[in-house]
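Structure file query-v4.txt; described as compact mmCIF, C-alpha atoms.
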```
# COMPACT_ATOMS: atom_id res chain seq x y z
CA MET A 1 -13.18 -31.60 -219.18
CA SER A 2 -13.69 -28.47 -221.23
CA SER A 3 -15.73 -26.77 -218.55
CA THR A 4 -13.09 -27.39 -215.89
CA ASP A 5 -10.35 -26.18 -218.24
CA SER A 6 -12.15 -22.93 -218.82
CA PHE A 7 -12.65 -22.56 -215.09
CA ILE A 8 -8.93 -22.88 -214.46
CA THR A 9 -8.21 -20.30 -217.16
CA ILE A 10 -10.59 -17.80 -215.62
CA ALA A 11 -9.95 -18.33 -211.93
CA ASP A 12 -6.19 -18.81 -212.06
CA PRO A 13 -4.81 -17.59 -215.40
CA TYR A 14 -1.15 -18.16 -214.53
CA ARG A 15 -1.79 -21.57 -212.99
CA LEU A 16 0.40 -20.73 -210.05
CA GLY A 17 1.37 -23.61 -207.84
CA HIS A 18 -0.77 -26.14 -209.65
CA ARG A 19 0.19 -29.70 -209.09
CA GLY A 20 -3.25 -31.14 -209.15
CA PRO A 21 -6.14 -29.61 -207.28
CA ASN A 22 -5.20 -27.90 -204.08
CA LEU A 23 -7.69 -27.53 -201.26
CA ALA A 24 -6.19 -24.23 -200.17
CA ARG A 25 -7.93 -21.64 -202.27
CA GLY A 26 -6.29 -18.25 -202.17
CA HIS A 27 -2.89 -19.89 -201.79
CA GLY A 28 -2.09 -20.34 -205.46
CA GLY A 29 -4.05 -23.54 -205.94
CA GLY A 30 -7.76 -24.05 -206.46
CA GLY A 31 -8.37 -20.52 -207.66
CA PRO A 32 -8.57 -17.24 -205.75
CA ALA A 33 -10.23 -16.97 -202.38
CA SER A 34 -13.95 -16.16 -202.47
CA ILE A 35 -15.16 -12.60 -202.01
CA ARG A 36 -16.61 -13.63 -198.65
CA VAL A 37 -13.22 -14.75 -197.35
CA ILE A 38 -11.52 -11.59 -198.62
CA VAL A 39 -14.14 -9.26 -197.12
CA GLY A 40 -13.91 -11.11 -193.81
CA TYR A 41 -10.12 -10.80 -193.85
CA GLY A 42 -10.24 -7.06 -194.52
CA PHE A 43 -12.69 -6.46 -191.70
CA TRP A 44 -10.62 -8.69 -189.41
CA LEU A 45 -7.63 -6.37 -190.02
CA PHE A 46 -9.82 -3.39 -189.02
CA LEU A 47 -10.90 -5.19 -185.85
CA LEU A 48 -7.27 -5.93 -184.95
CA SER A 49 -6.37 -2.25 -185.35
CA ASP A 50 -9.32 -1.43 -183.09
CA ILE A 51 -7.94 -3.91 -180.56
CA VAL A 52 -4.64 -2.00 -180.63
CA ILE A 53 -6.58 1.20 -179.75
CA PHE A 54 -8.22 -0.62 -176.85
CA ALA A 55 -4.82 -1.96 -175.77
CA CYS A 56 -3.57 1.66 -175.51
CA LEU A 57 -6.59 2.56 -173.36
CA PHE A 58 -6.05 -0.52 -171.17
CA ALA A 59 -2.38 0.42 -170.70
CA THR A 60 -3.40 4.00 -169.81
CA TYR A 61 -5.92 2.73 -167.28
CA ALA A 62 -3.44 0.28 -165.74
CA VAL A 63 -0.91 3.08 -165.26
CA LEU A 64 -3.43 5.62 -163.90
CA ALA A 65 -5.57 3.32 -161.74
CA PRO A 66 -3.57 3.77 -158.49
CA ASN A 67 -3.71 7.59 -158.71
CA THR A 68 -7.01 8.39 -157.04
CA ALA A 69 -6.01 11.92 -155.87
CA GLY A 70 -7.58 11.34 -152.47
CA GLY A 71 -10.86 10.25 -154.08
CA PRO A 72 -12.46 6.82 -154.01
CA GLY A 73 -10.70 3.85 -155.60
CA ALA A 74 -12.02 0.97 -157.66
CA ARG A 75 -13.08 -0.99 -154.59
CA GLN A 76 -15.39 1.80 -153.37
CA ILE A 77 -17.27 2.61 -156.58
CA PHE A 78 -17.68 -0.63 -158.55
CA GLU A 79 -20.93 -2.58 -158.12
CA LEU A 80 -20.37 -6.16 -159.21
CA ASP A 81 -24.07 -7.04 -159.42
CA ARG A 82 -24.64 -4.49 -162.16
CA VAL A 83 -21.48 -5.66 -163.95
CA ALA A 84 -22.76 -9.25 -163.85
CA TRP A 85 -26.03 -8.18 -165.50
CA GLU A 86 -24.17 -6.17 -168.13
CA THR A 87 -22.01 -9.21 -168.87
CA ALA A 88 -25.05 -11.48 -169.16
CA CYS A 89 -26.79 -9.04 -171.55
CA LEU A 90 -23.80 -8.72 -173.84
CA LEU A 91 -23.03 -12.46 -173.90
CA ALA A 92 -26.66 -13.32 -174.69
CA SER A 93 -26.68 -10.60 -177.34
CA SER A 94 -23.61 -12.16 -178.95
CA PHE A 95 -25.33 -15.56 -178.91
CA PHE A 96 -28.46 -14.18 -180.60
CA CYS A 97 -26.27 -12.54 -183.22
CA GLY A 98 -24.97 -16.06 -183.93
CA LEU A 99 -28.57 -17.32 -184.19
CA ALA A 100 -29.24 -14.52 -186.71
CA THR A 101 -26.31 -15.83 -188.77
CA ILE A 102 -27.94 -19.28 -188.81
CA ALA A 103 -31.38 -17.84 -189.65
CA LEU A 104 -29.75 -15.89 -192.47
CA ALA A 105 -28.32 -19.11 -193.93
CA THR A 106 -31.86 -20.55 -194.10
CA ARG A 107 -33.09 -17.36 -195.85
CA ASN A 108 -35.92 -16.97 -193.32
CA GLN A 109 -36.91 -13.28 -193.07
CA LEU A 110 -39.02 -13.63 -189.91
CA LEU A 111 -36.43 -15.63 -187.95
CA THR A 112 -33.60 -13.35 -189.06
CA GLN A 113 -35.44 -10.19 -188.05
CA ALA A 114 -36.52 -11.72 -184.72
CA ALA A 115 -32.98 -12.83 -183.84
CA LEU A 116 -31.61 -9.41 -184.80
CA LEU A 117 -34.28 -7.66 -182.74
CA VAL A 118 -33.38 -9.67 -179.63
CA THR A 119 -29.69 -8.99 -180.30
CA GLY A 120 -30.42 -5.26 -180.43
CA LEU A 121 -32.65 -5.20 -177.35
CA LEU A 122 -30.02 -7.01 -175.26
CA GLY A 123 -27.39 -4.57 -176.52
CA LEU A 124 -29.68 -1.69 -175.57
CA ALA A 125 -30.18 -3.18 -172.09
CA PHE A 126 -26.38 -3.30 -171.72
CA LEU A 127 -26.08 0.36 -172.72
CA LEU A 128 -28.82 1.45 -170.30
CA LEU A 129 -27.12 -0.39 -167.43
CA GLU A 130 -23.83 1.29 -168.28
CA ALA A 131 -25.52 4.69 -168.55
CA SER A 132 -27.11 4.20 -165.12
CA GLU A 133 -23.67 3.42 -163.67
CA PHE A 134 -22.15 6.55 -165.22
CA ALA A 135 -25.11 8.66 -164.07
CA ALA A 136 -24.81 7.33 -160.50
CA LEU A 137 -21.09 8.19 -160.44
CA HIS A 138 -21.76 11.62 -161.90
CA ALA A 139 -24.42 12.29 -159.25
CA GLN A 140 -21.75 11.73 -156.55
CA ASN A 141 -19.45 14.24 -158.29
CA LEU A 142 -17.24 11.38 -159.44
CA GLY A 143 -16.89 12.38 -163.07
CA PRO A 144 -13.82 11.90 -165.28
CA THR A 145 -12.28 15.12 -163.91
CA ARG A 146 -12.20 13.86 -160.28
CA SER A 147 -8.98 11.81 -160.50
CA ALA A 148 -6.61 10.20 -162.97
CA PHE A 149 -8.14 6.84 -162.06
CA LEU A 150 -11.63 8.01 -163.06
CA THR A 151 -10.30 9.64 -166.25
CA GLY A 152 -8.81 6.33 -167.32
CA PHE A 153 -11.93 4.42 -166.28
CA PHE A 154 -14.40 6.64 -168.14
CA THR A 155 -12.21 6.75 -171.25
CA LEU A 156 -11.81 2.98 -171.48
CA VAL A 157 -15.34 1.90 -170.57
CA GLY A 158 -16.89 4.88 -172.39
CA CYS A 159 -14.98 4.01 -175.57
CA HIS A 160 -16.45 0.51 -175.43
CA GLY A 161 -19.90 2.01 -174.85
CA VAL A 162 -19.51 4.24 -177.91
CA HIS A 163 -18.58 1.15 -179.94
CA VAL A 164 -21.74 -0.61 -178.74
CA THR A 165 -23.83 2.44 -179.66
CA ALA A 166 -22.35 2.46 -183.15
CA GLY A 167 -23.00 -1.29 -183.36
CA LEU A 168 -26.68 -0.75 -182.50
CA LEU A 169 -27.03 1.85 -185.28
CA TRP A 170 -25.37 -0.60 -187.67
CA LEU A 171 -27.71 -3.36 -186.47
CA GLY A 172 -30.77 -1.23 -187.21
CA THR A 173 -29.40 -0.49 -190.67
CA MET A 174 -28.86 -4.20 -191.32
CA MET A 175 -32.44 -5.03 -190.26
CA ALA A 176 -33.80 -2.36 -192.60
CA GLN A 177 -31.64 -3.61 -195.48
CA PHE A 178 -32.68 -7.25 -195.03
CA PHE A 179 -36.30 -6.10 -194.92
CA ALA A 180 -36.18 -3.74 -197.90
CA LYS A 181 -33.62 -5.41 -200.17
CA GLY A 182 -33.83 -9.07 -199.19
CA PHE A 183 -30.95 -11.53 -198.88
CA ARG A 184 -28.64 -10.11 -201.52
CA PRO A 185 -25.04 -11.38 -201.51
CA ASP A 186 -23.51 -7.96 -200.80
CA ILE A 187 -25.86 -7.41 -197.88
CA GLY A 188 -24.96 -10.87 -196.58
CA ARG A 189 -21.31 -9.82 -196.57
CA ARG A 190 -22.17 -6.59 -194.74
CA PHE A 191 -23.89 -8.71 -192.12
CA LEU A 192 -20.78 -10.91 -191.87
CA CYS A 193 -18.80 -7.78 -190.98
CA PHE A 194 -21.46 -6.66 -188.49
CA SER A 195 -21.50 -10.03 -186.73
CA MET A 196 -17.70 -9.99 -186.47
CA PHE A 197 -17.90 -6.46 -184.98
CA TRP A 198 -20.54 -7.50 -182.46
CA HIS A 199 -18.66 -10.61 -181.29
CA PHE A 200 -15.48 -8.53 -181.09
CA LEU A 201 -17.20 -6.06 -178.72
CA ASP A 202 -18.01 -8.98 -176.46
CA VAL A 203 -14.33 -10.02 -176.46
CA VAL A 204 -13.33 -6.49 -175.40
CA TRP A 205 -15.98 -6.54 -172.67
CA VAL A 206 -14.53 -9.80 -171.29
CA ALA A 207 -11.22 -7.97 -170.82
CA ILE A 208 -12.99 -4.98 -169.23
CA PHE A 209 -15.10 -6.86 -166.71
CA SER A 210 -12.23 -9.16 -165.73
CA LEU A 211 -9.31 -6.75 -165.60
CA VAL A 212 -11.05 -3.49 -164.65
CA TYR A 213 -14.03 -4.45 -162.49
CA LEU A 214 -13.14 -7.82 -160.95
CA VAL A 215 -9.42 -7.19 -160.44
CA GLY A 216 -10.24 -3.65 -159.29
CA THR A 217 -12.41 -4.85 -156.42
CA ARG A 218 -9.69 -7.18 -155.15
CA LEU A 219 -6.63 -4.94 -155.33
CA MET B 1 -3.91 -42.08 -214.94
CA SER B 2 -7.25 -41.24 -216.49
CA SER B 3 -9.05 -42.02 -213.23
CA GLU B 4 -6.80 -39.55 -211.50
CA LEU B 5 -7.67 -36.91 -214.07
CA ASP B 6 -11.34 -37.61 -213.49
CA ARG B 7 -10.86 -37.24 -209.79
CA ASN B 8 -9.09 -33.93 -210.34
CA ALA B 9 -11.90 -32.76 -212.59
CA ARG B 10 -14.50 -33.63 -209.97
CA GLU B 11 -12.49 -31.87 -207.32
CA ILE B 12 -12.21 -28.73 -209.42
CA ASP B 13 -15.92 -28.82 -210.19
CA ARG B 14 -16.67 -28.97 -206.50
CA HIS B 15 -14.51 -25.92 -205.90
CA ARG B 16 -16.23 -24.03 -208.69
CA LEU B 17 -19.60 -24.78 -207.15
CA GLU B 18 -18.43 -23.55 -203.77
CA TYR B 19 -17.02 -20.43 -205.37
CA GLU B 20 -20.30 -19.60 -207.07
CA GLU B 21 -22.19 -20.37 -203.88
CA ASP B 22 -19.92 -17.94 -202.02
CA ASP B 23 -20.52 -15.24 -204.55
CA LYS B 24 -24.23 -15.56 -204.01
CA GLY B 25 -23.51 -14.80 -200.39
CA GLY B 26 -24.73 -18.19 -199.32
CA ALA B 27 -22.99 -20.48 -196.94
CA SER B 28 -21.39 -23.58 -198.36
CA ASP B 29 -20.59 -26.34 -195.89
CA GLU B 30 -17.20 -24.89 -195.08
CA HIS B 31 -18.56 -21.59 -193.82
CA SER B 32 -21.97 -22.47 -192.50
CA ALA B 33 -22.55 -21.78 -188.85
CA HIS B 34 -24.06 -24.52 -186.76
CA LEU B 35 -26.37 -24.11 -183.82
CA ALA B 36 -24.31 -26.61 -181.81
CA THR B 37 -21.20 -24.42 -182.19
CA TYR B 38 -22.94 -21.36 -180.76
CA VAL B 39 -24.61 -23.30 -177.95
CA LEU B 40 -21.30 -24.87 -176.96
CA GLY B 41 -19.59 -21.47 -177.11
CA LEU B 42 -22.31 -19.89 -174.99
CA GLY B 43 -22.07 -22.69 -172.42
CA LEU B 44 -18.28 -22.48 -172.10
CA ALA B 45 -18.31 -18.66 -171.97
CA THR B 46 -21.01 -18.73 -169.26
CA LEU B 47 -19.01 -21.22 -167.20
CA LEU B 48 -15.85 -19.10 -167.45
CA THR B 49 -17.78 -15.92 -166.58
CA ILE B 50 -19.27 -17.55 -163.48
CA ALA B 51 -15.80 -18.81 -162.55
CA SER B 52 -14.40 -15.26 -162.87
CA PHE B 53 -17.05 -13.74 -160.61
CA TRP B 54 -16.58 -16.57 -158.12
CA VAL B 55 -12.80 -16.01 -158.06
CA ALA B 56 -13.37 -12.29 -157.45
CA LYS B 57 -15.54 -12.98 -154.40
CA THR B 58 -13.95 -16.07 -152.86
CA HIS B 59 -11.46 -16.12 -150.03
CA LEU B 60 -10.29 -19.64 -150.84
CA ILE B 61 -7.53 -18.39 -153.15
CA TYR B 62 -4.30 -16.76 -152.01
CA ASP B 63 -5.04 -13.05 -152.41
CA PRO B 64 -2.02 -11.87 -154.44
CA GLY B 65 -2.73 -14.68 -156.91
CA ILE B 66 -6.22 -13.46 -157.75
CA PRO B 67 -5.35 -10.92 -160.49
CA MET B 68 -3.36 -13.60 -162.32
CA ALA B 69 -6.22 -16.10 -161.95
CA LEU B 70 -8.68 -13.54 -163.37
CA ALA B 71 -6.33 -12.72 -166.26
CA THR B 72 -6.01 -16.41 -167.09
CA LEU B 73 -9.79 -16.89 -167.07
CA ALA B 74 -10.21 -13.79 -169.25
CA VAL B 75 -7.71 -15.05 -171.83
CA ALA B 76 -9.45 -18.44 -171.86
CA GLN B 77 -12.83 -16.84 -172.43
CA MET B 78 -11.50 -14.60 -175.20
CA GLY B 79 -10.14 -17.75 -176.85
CA ILE B 80 -13.60 -19.36 -176.60
CA HIS B 81 -15.16 -16.30 -178.24
CA LEU B 82 -12.61 -16.31 -181.06
CA VAL B 83 -13.11 -19.99 -181.85
CA PHE B 84 -16.86 -20.46 -181.33
CA PHE B 85 -18.26 -17.02 -182.21
CA LEU B 86 -15.72 -15.51 -184.59
CA HIS B 87 -15.00 -18.92 -186.20
CA LEU B 88 -11.24 -18.62 -186.19
CA THR B 89 -10.03 -22.04 -187.38
CA THR B 90 -6.92 -23.75 -188.67
CA ALA B 91 -8.51 -24.18 -192.12
CA PRO B 92 -6.39 -23.04 -195.08
CA ASP B 93 -8.68 -20.09 -195.84
CA ASN B 94 -8.12 -18.90 -192.29
CA THR B 95 -4.30 -18.89 -192.29
CA ASN B 96 -4.11 -15.18 -193.08
CA ASN B 97 -6.52 -14.33 -190.25
CA ILE B 98 -4.42 -16.32 -187.78
CA LEU B 99 -1.21 -14.60 -188.89
CA ALA B 100 -2.84 -11.17 -188.60
CA LEU B 101 -4.09 -12.09 -185.13
CA ALA B 102 -0.59 -13.16 -184.09
CA PHE B 103 0.79 -9.79 -185.23
CA GLY B 104 -2.04 -7.96 -183.42
CA LEU B 105 -1.28 -9.84 -180.20
CA LEU B 106 2.40 -8.91 -180.51
CA ILE B 107 1.50 -5.20 -180.73
CA VAL B 108 -1.02 -5.47 -177.88
CA GLY B 109 1.58 -7.21 -175.70
CA LEU B 110 4.23 -4.61 -176.45
CA VAL B 111 1.87 -1.69 -175.75
CA ILE B 112 0.42 -3.02 -172.50
CA PHE B 113 3.43 -4.69 -170.88
CA GLY B 114 5.85 -2.05 -172.20
CA SER B 115 3.76 0.84 -170.84
CA VAL B 116 3.17 -0.73 -167.46
CA TRP B 117 6.82 -1.72 -167.11
CA ILE B 118 8.26 1.67 -168.08
CA MET B 119 5.78 3.68 -166.02
CA ALA B 120 6.37 1.50 -162.94
CA HIS B 121 10.13 2.14 -163.22
CA LEU B 122 9.68 5.88 -163.72
CA ASN B 123 7.36 5.99 -160.75
CA HIS B 124 9.86 4.06 -158.67
CA ASN B 125 12.73 6.37 -159.60
CA MET B 126 10.80 9.61 -159.12
CA MET B 127 11.55 11.79 -156.13
CA PRO B 128 8.71 11.83 -153.56
CA MET B 129 6.31 14.68 -154.32
CA GLN B 130 7.00 16.56 -151.04
CA GLN B 131 10.72 16.79 -151.73
CA LEU B 132 10.08 17.85 -155.30
CA MET B 133 7.86 20.73 -154.17
CA GLN B 134 10.47 21.95 -151.68
CA MET B 135 13.19 21.99 -154.31
CA GLN B 136 11.06 24.15 -156.55
CA ARG B 137 10.73 26.89 -153.97
```

What's the structure tokens form of this structure?
Amino acid sequence: MSSTDSFITIADPYRLGHRGPNLARGHGGGGPASIRVIVGYGFWLFLLSDIVIFACLFATYAVLAPNTAGGPGARQIFELDRVAWETACLLASSFFCGLATIALATRNQLLTQAALLVTGLLGLAFLLLEASEFAALHAQNLGPTRSAFLTGFFTLVGCHGVHVTAGLLWLGTMMAQFFAKGFRPDIGRRFLCFSMFWHFLDVVWVAIFSLVYLVGTRL
Amino acid sequence: MSSELDRNAREIDRHRLEYEEDDKGGASDEHSAHLATYVLGLGLATLLTIASFWVAKTHLIYDPGIPMALATLAVAQMGIHLVFFLHLTTAPDNTNNILALAFGLLIVGLVIFGSVWIMAHLNHNMMPMQQLMQMQR
């Protein structure tokens, strides 16, 4: 009993809410929440604020989309085949990021690095497809300055692309850290944040391909 | 009474072990990701994606209903991503995340629907551009 007593004293000095052991750690019973849960919560708050930024861009696009200033509309410029490939790349990338999480739990350096490499390559393929779309539009003089519709489109989709680019840099950093420093707890928590970021980008892309591309071609 | 105390002690020991495991950055049973979860998530997300692209191309659905159908499929797929990839659960250590998400959704709803609503009304009430130009002369 003495060891458990000392644990209670350390983890929960004021014994808040104790009426026997409580499964809900971080809610007064059972001691404070683990660092992992707290780090995940903090990063989740950041992601939600990022979602609010994207919501503003979506609202801007929805308001500006009908104003094509005599230029082409969504139906004329969107190519659904390319969008389908982009979607497949990003979804598969998200899946391989999940596989990396599993490989990380088994502490297997080779599997972790391989899963992260595939994650990154699929993300890169997504970015190249998006860049080719932007380049094709630019070649037809359909840049963001052509109409309010294209301004909103480039801002929203470009902002997501910038996020993916930042995610790729972060991914490379994580691979280097796992390689050089091994599976340290703090690096594991950094990877938790990265994986949340990467899955979150896929969630935003679901909204973009559904509400911008697919709805755009049918309006 | 003493057996209950023993049970409590065992329970607390288990929590301490989990806590130390967490601090080592490892995954205790609660947090560990399972392959089956990701495979199921990938399968459901793929199905919903295919359904979305099918809806966008088909002529079997009443045309004005298509944007709403696509929005519904998108929301469903985002839910799949949240549950199977981001591991949002109803577990006690996830309550705060759920509450934060609810607040985030409130703000997102206000921003998007509020903007679209207000701008549609302003657009509706605005004088046609031709008339406006003539008045300015």

**Item:** Distance in Å - atom CA of A:Ala84 versus atom CA of B:Leu42
**Value:**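 Computing the Euclidean distance for atom CA of A:Ala84 and atom CA of B:Leu42 yields 15.4 Å.
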
Ref. answer, residues at most 8 Å from (-14.6, -9.8, -161.2) with only C-alpha atoms, as an mmCIF file with C-alpha atoms, in the frame of the given file:
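Below is the file result_2.cif, written as the result:
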```cif
data_model
loop_
_atom_site.group_PDB
_atom_site.id
_atom_site.type_symbol
_atom_site.label_atom_id
_atom_site.label_comp_id
_atom_site.auth_asym_id
_atom_site.auth_seq_id
_atom_site.Cartn_x
_atom_site.Cartn_y
_atom_site.Cartn_z
ATOM 1 C CA LEU A 80 -20.370 -6.160 -159.210
ATOM 2 C CA PHE A 209 -15.100 -6.860 -166.710
ATOM 3 C CA SER A 210 -12.230 -9.160 -165.730
ATOM 4 C CA LEU A 211 -9.310 -6.750 -165.600
ATOM 5 C CA TYR A 213 -14.030 -4.450 -162.490
ATOM 6 C CA LEU A 214 -13.140 -7.820 -160.950
ATOM 7 C CA VAL A 215 -9.420 -7.190 -160.440
ATOM 8 C CA GLY A 216 -10.240 -3.650 -159.290
ATOM 9 C CA THR A 217 -12.410 -4.850 -156.420
ATOM 10 C CA SER B 52 -14.400 -15.260 -162.870
ATOM 11 C CA PHE B 53 -17.050 -13.740 -160.610
ATOM 12 C CA TRP B 54 -16.580 -16.570 -158.120
ATOM 13 C CA VAL B 55 -12.800 -16.010 -158.060
ATOM 14 C CA ALA B 56 -13.370 -12.290 -157.450
ATOM 15 C CA LYS B 57 -15.540 -12.980 -154.400
ATOM 16 C CA LEU B 70 -8.680 -13.540 -163.370
#
```

**Asked** At what distance in Å, to one decimal, does atom CA of B:Ala36 lie from atom CA of B:Thr49?
**Response**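 Atom CA of B:Thr49 sits 19.7 Å away from atom CA of B:Ala36.
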
Could you list, as a CSV table (one decimal) with C-alpha atoms, in the coordinates of the input, every residue within 9 Å of A:Thr112, counting all atoms listed in the file and ignoring same-chain residues fewer than 4 positions away?
```csv
chain,number,residue,atom,x,y,z
A,99,LEU,CA,-28.6,-17.3,-184.2
A,100,ALA,CA,-29.2,-14.5,-186.7
A,101,THR,CA,-26.3,-15.8,-188.8
A,102,ILE,CA,-27.9,-19.3,-188.8
A,103,ALA,CA,-31.4,-17.8,-189.6
A,104,LEU,CA,-29.8,-15.9,-192.5
A,106,THR,CA,-31.9,-20.6,-194.1
A,107,ARG,CA,-33.1,-17.4,-195.8
A,108,ASN,CA,-35.9,-17.0,-193.3
A,116,LEU,CA,-31.6,-9.4,-184.8
A,117,LEU,CA,-34.3,-7.7,-182.7
A,175,MET,CA,-32.4,-5.0,-190.3
A,178,PHE,CA,-32.7,-7.2,-195.0
```

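Between chain B and the residues A:Gln76, A:Gln113, A:Thr119, A:Ser93, the shortest atom-to-atom distance, using all atoms listed in the file, involves A:Ser93.
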
**Message:** Considering all atoms listed in the file, can you say which of B:Leu88, B:Leu122, B:Met135, B:Leu35 comes closest to chain A?
**Reply:** B:Leu35

**Request:** Quote the spacing between atom CA of A:Leu201 and atom CA of B:Leu82 in Å to one decimal place.
**Result:**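 Computing it gives 11.5 Å between the two atoms.
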
**Request:** Check the smallest atom-to-atom distance from each of B:Leu40, B:Ala69, B:Val83, B:Met78 to chain A using all atoms listed in the file, then report the winner.
**Result:** B:Met78

Compile the contact shell of A:Gly98 as a PDB file with C-alpha atoms, in the coordinates of the input: residues with an atom at most 8 Å away, counting only C-alpha atoms, same-chain residues fewer than 3 positions apart removed.
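Result written to result.pdb:
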```pdb
ATOM      1  CA  SER A  94     -23.610 -12.160-178.950  1.00  0.00           C
ATOM      2  CA  PHE A  95     -25.330 -15.560-178.910  1.00  0.00           C
ATOM      3  CA  THR A 101     -26.310 -15.830-188.770  1.00  0.00           C
ATOM      4  CA  ILE A 102     -27.940 -19.280-188.810  1.00  0.00           C
ATOM      5  CA  SER A 195     -21.500 -10.030-186.730  1.00  0.00           C
TER       6      SER A 195
ATOM      7  CA  ALA B  33     -22.550 -21.780-188.850  1.00  0.00           C
ATOM      8  CA  TYR B  38     -22.940 -21.360-180.760  1.00  0.00           C
ATOM      9  CA  PHE B  85     -18.260 -17.020-182.210  1.00  0.00           C
TER      10      PHE B  85
END
```

**Message:** Give me the residues near A:Asp202 as a VMD selection string, where near means some atom within 7 Å (using only C-alpha atoms) and where sequence neighbours in that chain fewer than 2 positions away do not count.
**Reply:** chain A and resid 90 to 91 94 198 to 200 204 to 206

For the residues selected in the previous step, produce a file with C-alpha atoms as a JSON list (two decimals), in the coordinates of the input.
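What landed in again35.json:
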```
[["chain", "number", "residue", "atom", "x", "y", "z"],
["A", 90, "LEU", "CA", -23.80, -8.72, -173.84],
["A", 91, "LEU", "CA", -23.03, -12.46, -173.90],
["A", 94, "SER", "CA", -23.61, -12.16, -178.95],
["A", 198, "TRP", "CA", -20.54, -7.50, -182.46],
["A", 199, "HIS", "CA", -18.66, -10.61, -181.29],
["A", 200, "PHE", "CA", -15.48, -8.53, -181.09],
["A", 204, "VAL", "CA", -13.33, -6.49, -175.40],
["A", 205, "TRP", "CA", -15.98, -6.54, -172.67],
["A", 206, "VAL", "CA", -14.53, -9.80, -171.29]]
```

**Asked** From the list A:Leu124, A:Val39, A:Cys56, A:Val212, which residue is nearest A:Cys193 when using all atoms listed in the file?
**Response** A:Val39

**Request:** Can you pull out every residue within 8 Å of A:Leu127, counting only C-alpha atoms, but drop anything in the same chain fewer than 5 positions away, and send it as a count of residues only?
**Result:** 3

**Asked** Which residue out of B:Gly79, B:Pro92, B:Gly41, B:Gly65 has the minimum interatomic distance to chain A when only C-alpha atoms are used?
**Response**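 Comparing B:Gly79, B:Pro92, B:Gly41, B:Gly65 against chain A, the winner is B:Pro92.
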
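When all atoms listed in the file are used to measure the gap to B:Leu101, the shortest distance among B:Ala120, B:Ala51, B:Thr89, B:Thr46 belongs to B:Thr89.
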